[in-house]
file work.cif (mmCIF, N, CA and C atoms)
data_my_file
#
loop_
_atom_site.label_atom_id
_atom_site.label_comp_id
_atom_site.auth_asym_id
_atom_site.auth_seq_id
_atom_site.Cartn_x
_atom_site.Cartn_y
_atom_site.Cartn_z
N MET A 13 7.60 -20.18 -12.39
CA MET A 13 7.33 -18.78 -12.08
C MET A 13 5.96 -18.66 -11.42
N LEU A 14 5.87 -17.87 -10.38
CA LEU A 14 4.61 -17.71 -9.64
C LEU A 14 3.55 -16.95 -10.43
N LEU A 15 3.97 -15.95 -11.20
CA LEU A 15 3.02 -15.07 -11.88
C LEU A 15 2.93 -15.45 -13.36
N LYS A 16 2.21 -16.52 -13.64
CA LYS A 16 2.14 -17.06 -15.00
C LYS A 16 1.35 -16.17 -15.95
N GLU A 17 0.30 -15.52 -15.48
CA GLU A 17 -0.57 -14.73 -16.34
C GLU A 17 -0.39 -13.23 -16.14
N SER A 18 0.52 -12.85 -15.31
CA SER A 18 0.72 -11.45 -14.95
C SER A 18 1.98 -10.89 -15.59
N LYS A 19 2.00 -9.58 -15.72
CA LYS A 19 3.20 -8.89 -16.20
C LYS A 19 4.23 -8.73 -15.09
N GLY A 20 3.84 -9.01 -13.86
CA GLY A 20 4.75 -8.92 -12.72
C GLY A 20 4.81 -7.53 -12.12
N VAL A 21 5.57 -7.43 -11.06
CA VAL A 21 5.68 -6.15 -10.34
C VAL A 21 6.61 -5.21 -11.11
N LYS A 22 6.32 -3.92 -11.02
CA LYS A 22 7.10 -2.90 -11.72
C LYS A 22 7.62 -1.81 -10.80
N ARG A 23 6.95 -1.58 -9.67
CA ARG A 23 7.29 -0.42 -8.85
C ARG A 23 6.95 -0.66 -7.39
N ILE A 24 7.92 -0.39 -6.51
CA ILE A 24 7.61 -0.31 -5.08
C ILE A 24 7.06 1.09 -4.86
N GLY A 25 5.82 1.18 -4.48
CA GLY A 25 5.14 2.46 -4.41
C GLY A 25 5.12 3.12 -3.06
N HIS A 26 5.07 2.33 -1.98
CA HIS A 26 5.09 2.94 -0.66
C HIS A 26 5.60 1.97 0.40
N ILE A 27 5.97 2.56 1.51
CA ILE A 27 6.38 1.84 2.71
C ILE A 27 5.45 2.30 3.82
N ALA A 28 5.02 1.38 4.66
CA ALA A 28 4.17 1.72 5.80
C ALA A 28 4.93 1.46 7.09
N LEU A 29 4.96 2.49 7.93
CA LEU A 29 5.66 2.42 9.22
C LEU A 29 4.68 2.58 10.36
N ARG A 30 4.90 1.86 11.44
CA ARG A 30 4.13 2.04 12.67
C ARG A 30 4.76 3.20 13.43
N VAL A 31 3.95 4.15 13.90
CA VAL A 31 4.45 5.29 14.66
C VAL A 31 3.69 5.41 15.98
N ASP A 32 4.37 5.90 17.02
CA ASP A 32 3.75 6.10 18.32
C ASP A 32 2.92 7.38 18.37
N ASN A 33 3.39 8.42 17.68
CA ASN A 33 2.72 9.72 17.69
C ASN A 33 2.52 10.16 16.25
N LEU A 34 1.31 10.02 15.76
CA LEU A 34 1.00 10.31 14.36
C LEU A 34 1.28 11.77 14.00
N ASP A 35 0.86 12.70 14.84
CA ASP A 35 1.07 14.12 14.53
C ASP A 35 2.55 14.47 14.48
N ARG A 36 3.32 13.96 15.41
CA ARG A 36 4.76 14.23 15.44
C ARG A 36 5.44 13.65 14.20
N ALA A 37 5.11 12.42 13.85
CA ALA A 37 5.71 11.78 12.68
C ALA A 37 5.31 12.49 11.40
N LYS A 38 4.04 12.86 11.30
CA LYS A 38 3.55 13.57 10.12
C LYS A 38 4.29 14.90 9.95
N SER A 39 4.44 15.64 11.02
CA SER A 39 5.16 16.92 10.97
C SER A 39 6.61 16.73 10.55
N PHE A 40 7.25 15.69 11.08
CA PHE A 40 8.64 15.42 10.74
C PHE A 40 8.80 15.18 9.24
N TYR A 41 7.99 14.28 8.68
CA TYR A 41 8.14 13.95 7.26
C TYR A 41 7.72 15.10 6.36
N MET A 42 6.75 15.89 6.78
CA MET A 42 6.37 17.07 6.00
C MET A 42 7.51 18.10 6.03
N SER A 43 8.23 18.18 7.14
CA SER A 43 9.35 19.13 7.21
C SER A 43 10.51 18.69 6.31
N LEU A 44 10.52 17.42 5.92
CA LEU A 44 11.53 16.93 4.97
C LEU A 44 11.11 17.19 3.52
N GLY A 45 9.91 17.70 3.32
CA GLY A 45 9.44 18.05 1.99
C GLY A 45 8.36 17.15 1.42
N MET A 46 7.88 16.19 2.21
CA MET A 46 6.81 15.32 1.72
C MET A 46 5.48 16.07 1.77
N SER A 47 4.56 15.69 0.88
CA SER A 47 3.23 16.30 0.81
C SER A 47 2.21 15.37 1.45
N LEU A 48 1.35 15.95 2.28
CA LEU A 48 0.30 15.19 2.93
C LEU A 48 -0.83 14.96 1.92
N ILE A 49 -1.18 13.70 1.70
CA ILE A 49 -2.21 13.34 0.74
C ILE A 49 -3.49 12.89 1.44
N TRP A 50 -3.34 12.08 2.47
CA TRP A 50 -4.50 11.55 3.21
C TRP A 50 -4.20 11.71 4.69
N ASP A 51 -5.16 12.24 5.42
CA ASP A 51 -4.98 12.46 6.85
C ASP A 51 -6.21 11.98 7.58
N ASP A 52 -6.03 11.05 8.47
CA ASP A 52 -7.14 10.50 9.23
C ASP A 52 -6.72 10.36 10.68
N LYS A 53 -7.64 10.01 11.54
CA LYS A 53 -7.33 9.93 12.97
C LYS A 53 -6.34 8.82 13.30
N ASP A 54 -6.29 7.77 12.45
CA ASP A 54 -5.44 6.63 12.77
C ASP A 54 -4.31 6.37 11.77
N TRP A 55 -4.29 7.10 10.66
CA TRP A 55 -3.19 6.94 9.70
C TRP A 55 -3.12 8.14 8.76
N SER A 56 -1.93 8.33 8.18
CA SER A 56 -1.71 9.40 7.21
C SER A 56 -0.88 8.84 6.06
N TYR A 57 -1.04 9.47 4.89
CA TYR A 57 -0.29 9.06 3.72
C TYR A 57 0.37 10.28 3.11
N LEU A 58 1.68 10.19 2.89
CA LEU A 58 2.45 11.28 2.32
C LEU A 58 3.14 10.81 1.05
N GLU A 59 3.43 11.78 0.16
CA GLU A 59 4.14 11.45 -1.07
C GLU A 59 5.31 12.40 -1.26
N ALA A 60 6.32 11.91 -2.00
CA ALA A 60 7.50 12.72 -2.29
C ALA A 60 7.86 12.60 -3.76
N GLY A 61 8.30 13.70 -4.34
CA GLY A 61 8.85 13.70 -5.69
C GLY A 61 7.84 13.47 -6.79
N LYS A 62 8.35 13.56 -8.01
CA LYS A 62 7.51 13.40 -9.20
C LYS A 62 6.97 11.98 -9.32
N GLY A 63 7.72 11.01 -8.80
CA GLY A 63 7.27 9.63 -8.83
C GLY A 63 6.21 9.32 -7.80
N LYS A 64 5.91 10.29 -6.95
CA LYS A 64 4.91 10.13 -5.89
C LYS A 64 5.22 8.94 -5.00
N ASP A 65 6.49 8.81 -4.62
CA ASP A 65 6.87 7.74 -3.70
C ASP A 65 6.14 7.96 -2.39
N GLY A 66 5.54 6.90 -1.85
CA GLY A 66 4.64 7.05 -0.72
C GLY A 66 5.17 6.53 0.61
N LEU A 67 4.67 7.16 1.65
CA LEU A 67 4.95 6.75 3.02
C LEU A 67 3.64 6.77 3.79
N ALA A 68 3.23 5.61 4.28
CA ALA A 68 2.04 5.51 5.12
C ALA A 68 2.50 5.47 6.57
N LEU A 69 1.91 6.32 7.37
CA LEU A 69 2.20 6.36 8.81
C LEU A 69 1.01 5.75 9.53
N LEU A 70 1.24 4.64 10.21
CA LEU A 70 0.18 3.91 10.89
C LEU A 70 0.23 4.22 12.38
N GLY A 71 -0.79 4.93 12.86
CA GLY A 71 -0.83 5.31 14.26
C GLY A 71 -1.14 4.12 15.16
N PRO A 72 -1.05 4.33 16.48
CA PRO A 72 -1.28 3.23 17.44
C PRO A 72 -2.65 2.59 17.31
N GLY A 73 -3.66 3.35 16.89
CA GLY A 73 -5.02 2.82 16.77
C GLY A 73 -5.32 2.16 15.44
N TYR A 74 -4.37 2.17 14.52
CA TYR A 74 -4.62 1.60 13.19
C TYR A 74 -4.45 0.08 13.25
N THR A 75 -5.50 -0.65 12.88
CA THR A 75 -5.46 -2.11 13.01
C THR A 75 -5.65 -2.86 11.69
N ALA A 76 -5.90 -2.14 10.59
CA ALA A 76 -6.17 -2.82 9.31
C ALA A 76 -4.93 -3.49 8.73
N ALA A 77 -3.75 -2.98 9.06
CA ALA A 77 -2.49 -3.56 8.55
C ALA A 77 -1.36 -3.13 9.46
N GLY A 78 -0.26 -3.85 9.39
CA GLY A 78 0.94 -3.48 10.13
C GLY A 78 1.99 -2.96 9.17
N PRO A 79 3.22 -2.82 9.64
CA PRO A 79 4.31 -2.35 8.78
C PRO A 79 4.45 -3.27 7.56
N HIS A 80 4.64 -2.65 6.39
CA HIS A 80 4.75 -3.40 5.15
C HIS A 80 5.33 -2.50 4.06
N PHE A 81 5.58 -3.07 2.90
CA PHE A 81 5.87 -2.28 1.71
C PHE A 81 4.86 -2.70 0.65
N ALA A 82 4.68 -1.84 -0.36
CA ALA A 82 3.65 -2.11 -1.35
C ALA A 82 4.16 -1.94 -2.77
N PHE A 83 3.78 -2.88 -3.61
CA PHE A 83 3.96 -2.74 -5.04
C PHE A 83 2.71 -2.04 -5.58
N HIS A 84 2.89 -1.03 -6.42
CA HIS A 84 1.76 -0.30 -6.99
C HIS A 84 1.51 -0.73 -8.44
N PHE A 85 0.24 -0.76 -8.80
CA PHE A 85 -0.20 -1.14 -10.14
C PHE A 85 -1.23 -0.14 -10.63
N GLU A 86 -1.24 0.12 -11.93
CA GLU A 86 -2.19 1.05 -12.52
C GLU A 86 -3.45 0.37 -13.03
N ASN A 87 -3.48 -0.97 -13.00
CA ASN A 87 -4.60 -1.73 -13.52
C ASN A 87 -5.14 -2.64 -12.42
N LYS A 88 -6.39 -2.42 -12.04
CA LYS A 88 -7.00 -3.19 -10.97
C LYS A 88 -7.09 -4.68 -11.32
N GLU A 89 -7.36 -4.97 -12.58
CA GLU A 89 -7.44 -6.35 -13.02
C GLU A 89 -6.11 -7.07 -12.83
N GLU A 90 -5.01 -6.35 -13.02
CA GLU A 90 -3.68 -6.94 -12.85
C GLU A 90 -3.47 -7.42 -11.41
N VAL A 91 -3.98 -6.64 -10.45
CA VAL A 91 -3.86 -7.03 -9.04
C VAL A 91 -4.65 -8.32 -8.80
N ALA A 92 -5.84 -8.43 -9.38
CA ALA A 92 -6.64 -9.65 -9.22
C ALA A 92 -5.95 -10.84 -9.89
N ILE A 93 -5.32 -10.62 -11.04
CA ILE A 93 -4.60 -11.70 -11.72
C ILE A 93 -3.43 -12.18 -10.86
N ILE A 94 -2.69 -11.25 -10.30
CA ILE A 94 -1.56 -11.62 -9.43
C ILE A 94 -2.06 -12.40 -8.22
N GLN A 95 -3.14 -11.93 -7.62
CA GLN A 95 -3.71 -12.63 -6.47
C GLN A 95 -4.06 -14.08 -6.85
N ASN A 96 -4.71 -14.27 -7.99
CA ASN A 96 -5.08 -15.63 -8.43
C ASN A 96 -3.86 -16.47 -8.74
N ASN A 97 -2.85 -15.88 -9.42
CA ASN A 97 -1.62 -16.62 -9.74
C ASN A 97 -0.95 -17.10 -8.46
N LEU A 98 -0.83 -16.21 -7.49
CA LEU A 98 -0.17 -16.58 -6.22
C LEU A 98 -0.96 -17.66 -5.50
N ARG A 99 -2.27 -17.48 -5.41
CA ARG A 99 -3.12 -18.47 -4.74
C ARG A 99 -3.00 -19.83 -5.42
N ASN A 100 -3.03 -19.84 -6.76
CA ASN A 100 -2.92 -21.09 -7.51
C ASN A 100 -1.54 -21.73 -7.38
N SER A 101 -0.54 -20.95 -6.96
CA SER A 101 0.81 -21.47 -6.74
C SER A 101 1.02 -21.93 -5.30
N GLY A 102 -0.05 -21.85 -4.50
CA GLY A 102 0.03 -22.31 -3.12
C GLY A 102 0.44 -21.25 -2.12
N ILE A 103 0.49 -20.00 -2.55
CA ILE A 103 0.84 -18.90 -1.65
C ILE A 103 -0.44 -18.38 -0.98
N LYS A 104 -0.40 -18.20 0.33
CA LYS A 104 -1.55 -17.68 1.06
C LYS A 104 -1.65 -16.16 0.83
N VAL A 105 -2.79 -15.72 0.33
CA VAL A 105 -3.02 -14.30 0.08
C VAL A 105 -4.33 -13.88 0.74
N GLY A 106 -4.41 -12.63 1.14
CA GLY A 106 -5.63 -12.10 1.73
C GLY A 106 -6.64 -11.72 0.67
N PRO A 107 -7.83 -11.31 1.09
CA PRO A 107 -8.87 -10.92 0.14
C PRO A 107 -8.54 -9.58 -0.52
N LEU A 108 -9.01 -9.40 -1.73
CA LEU A 108 -8.90 -8.12 -2.43
C LEU A 108 -10.01 -7.22 -1.90
N HIS A 109 -9.64 -6.06 -1.39
CA HIS A 109 -10.67 -5.17 -0.85
C HIS A 109 -10.42 -3.72 -1.27
N GLU A 110 -11.52 -2.97 -1.29
CA GLU A 110 -11.51 -1.55 -1.66
C GLU A 110 -11.14 -0.73 -0.43
N HIS A 111 -10.32 0.30 -0.64
CA HIS A 111 -9.92 1.20 0.44
C HIS A 111 -10.68 2.53 0.33
N ARG A 112 -10.73 3.26 1.41
CA ARG A 112 -11.45 4.52 1.47
C ARG A 112 -10.80 5.63 0.65
N ASP A 113 -9.55 5.44 0.20
CA ASP A 113 -8.86 6.46 -0.59
C ASP A 113 -8.91 6.19 -2.09
N GLY A 114 -9.79 5.26 -2.53
CA GLY A 114 -9.96 4.98 -3.96
C GLY A 114 -9.07 3.88 -4.50
N THR A 115 -8.24 3.27 -3.66
CA THR A 115 -7.36 2.19 -4.09
C THR A 115 -7.99 0.84 -3.74
N ALA A 116 -7.36 -0.23 -4.16
CA ALA A 116 -7.80 -1.59 -3.81
C ALA A 116 -6.56 -2.47 -3.71
N SER A 117 -6.58 -3.43 -2.79
CA SER A 117 -5.38 -4.25 -2.61
C SER A 117 -5.67 -5.54 -1.88
N PHE A 118 -4.61 -6.36 -1.83
CA PHE A 118 -4.59 -7.50 -0.92
C PHE A 118 -3.22 -7.55 -0.27
N TYR A 119 -3.17 -8.17 0.90
CA TYR A 119 -1.93 -8.32 1.67
C TYR A 119 -1.49 -9.78 1.64
N MET A 120 -0.20 -9.97 1.83
CA MET A 120 0.37 -11.31 1.88
C MET A 120 1.72 -11.23 2.58
N GLN A 121 2.30 -12.37 2.87
CA GLN A 121 3.65 -12.43 3.42
C GLN A 121 4.57 -13.12 2.43
N ASP A 122 5.82 -12.64 2.37
CA ASP A 122 6.80 -13.31 1.52
C ASP A 122 7.30 -14.56 2.23
N THR A 123 8.24 -15.25 1.62
CA THR A 123 8.74 -16.51 2.17
C THR A 123 9.47 -16.34 3.50
N GLU A 124 9.85 -15.10 3.83
CA GLU A 124 10.57 -14.82 5.08
C GLU A 124 9.69 -14.19 6.15
N GLY A 125 8.39 -14.06 5.88
CA GLY A 125 7.46 -13.52 6.86
C GLY A 125 7.25 -12.02 6.80
N ASN A 126 7.85 -11.34 5.81
CA ASN A 126 7.65 -9.90 5.65
C ASN A 126 6.31 -9.63 4.98
N TRP A 127 5.60 -8.64 5.50
CA TRP A 127 4.30 -8.29 4.93
C TRP A 127 4.48 -7.39 3.72
N LEU A 128 3.69 -7.66 2.68
CA LEU A 128 3.65 -6.79 1.52
C LEU A 128 2.23 -6.66 1.02
N GLU A 129 2.03 -5.65 0.22
CA GLU A 129 0.71 -5.32 -0.30
C GLU A 129 0.81 -5.19 -1.81
N MET A 130 -0.17 -5.72 -2.51
CA MET A 130 -0.31 -5.52 -3.95
C MET A 130 -1.46 -4.53 -4.11
N LEU A 131 -1.13 -3.31 -4.54
CA LEU A 131 -2.07 -2.19 -4.48
C LEU A 131 -2.37 -1.60 -5.85
N TYR A 132 -3.65 -1.52 -6.19
CA TYR A 132 -4.11 -0.79 -7.37
C TYR A 132 -4.25 0.68 -6.99
N VAL A 133 -3.64 1.55 -7.80
CA VAL A 133 -3.75 3.00 -7.63
C VAL A 133 -4.33 3.56 -8.93
N PRO A 134 -5.47 4.27 -8.88
CA PRO A 134 -6.04 4.83 -10.10
C PRO A 134 -5.05 5.75 -10.83
N ALA A 135 -5.24 5.90 -12.12
CA ALA A 135 -4.34 6.70 -12.95
C ALA A 135 -4.20 8.14 -12.42
N GLU A 136 -5.25 8.66 -11.84
CA GLU A 136 -5.21 10.03 -11.30
C GLU A 136 -4.52 10.10 -9.94
N GLY A 137 -4.12 8.96 -9.41
CA GLY A 137 -3.42 8.92 -8.14
C GLY A 137 -4.34 8.63 -6.97
N ILE A 138 -3.76 8.59 -5.80
CA ILE A 138 -4.51 8.34 -4.57
C ILE A 138 -5.33 9.58 -4.25
N GLN A 139 -6.61 9.39 -3.97
CA GLN A 139 -7.49 10.50 -3.63
C GLN A 139 -6.99 11.21 -2.38
N SER A 140 -7.11 12.51 -2.37
CA SER A 140 -6.72 13.29 -1.19
C SER A 140 -7.95 13.67 -0.40
N ASN A 141 -7.80 13.72 0.91
CA ASN A 141 -8.89 14.20 1.75
C ASN A 141 -8.47 15.45 2.53
N VAL A 142 -7.36 16.05 2.14
CA VAL A 142 -6.89 17.27 2.81
C VAL A 142 -7.01 18.48 1.91
#

call {"tool": "encode", "arguments": {"input": "work.cif", "output": "structure tokens"}}
result
Amino acid sequence: MLLKESKGVKRIGHIALRVDNLDRAKSFYMSLGMSLIWDDKDWSYLEAGKGKDGLALLGPGYTAAGPHFAFHFENKEEVAIIQNNLRNSGIKVGPLHEHRDGTASFYMQDTEGNWLEMLYVPAEGIQSNV
């Protein structure tokens, strides 16, 4: 097992999509009932439902990450443990870094080349800037 010291993943928390027109995409998903949580010039984050399922919209100028999905965790230490377990198992993982919305994560690729993120989300949720 790759995650020897970890409790493992529990929840897929968000999906990140690349969009050509951030304003148009944001308006579309808000018209479906999603709530805008974070809005910036190069990306936006929306949530839906009581589970706060997330959708990150990555505009053309966003370069920090590409399309991916993310597992969410409520404990920052758990994300660091998972990162160490994966690294010690020979899996290439990126650095753990703090985000401007109060979260912290690292990125990696699965065995098929799909990008995923292991993301710490504080108990109070992702900070809003809107």

call {"tool": "closest_residue", "arguments": {"input": "work.cif", "among": "A:Ser47, A:Asn97, A:Asn87, A:Ser140", "to": "Lys64 in chain A", "atoms": "only C-alpha atoms"}}
result
A:Ser47

call {"tool": "atom_distance", "arguments": {"input": "work.cif", "atom1": "atom N of Arg23 in chain A", "atom2": "CA of Tyr57 in chain A"}}
result
18.6 Å

call {"tool": "atom_distance", "arguments": {"input": "work.cif", "atom1": "CA of Thr115 in chain A", "atom2": "CA of Val31 in chain A"}}
result
22.4 Å

call {"tool": "resolve_selection", "arguments": {"input": "work.cif", "expression": "the PyMOL selection byres ((chain A and resi 48-54) around 6)", "output": "list in words"}}
result
Met46, Ser47, Trp55, Ser56, Tyr57, Leu58, Glu59, Leu69, Leu70, Gly71, Gly73, Tyr74, Gln139, Ser140, Asn141 and Val142 of chain A

call {"tool": "resolve_selection", "arguments": {"input": "work.cif", "expression": "the PyMOL selection byres ((chain A and resi 16-22) around 8)", "output": "list in words"}}
result
Met13, Leu14, Leu15, Arg23, Ile24, Gly25, Phe83, His84, Phe85, Glu90, Ile93, Ile94, Asn96, Asn97 and Leu98 of chain A

call {"tool": "select_by_dssp", "arguments": {"input": "work.cif", "residues": "range 17-108 of chain A", "states": "strand (DSSP E or B)", "output": "PyMOL selection string"}}
result
chain A and resi 24-30+47-51+55-60+65-70+80-85+105

call {"tool": "resolve_selection", "arguments": {"input": "work.cif", "expression": "the PyMOL selection byres ((chain A and resi 119-129) around 7)", "output": "list in words"}}
result
Pro79, His80, Phe81, Ala82, Phe83, His84, Lys104, Val105, Gly106, Pro107, Leu108, Ser117, Phe118, Met130 and Leu131 of chain A

call {"tool": "closest_residue", "arguments": {"input": "work.cif", "among": "A:Ala116, A:Glu136, A:Gln95, A:Ala68", "to": "Lys38 in chain A", "atoms": "only C-alpha atoms"}}
result
A:Ala68
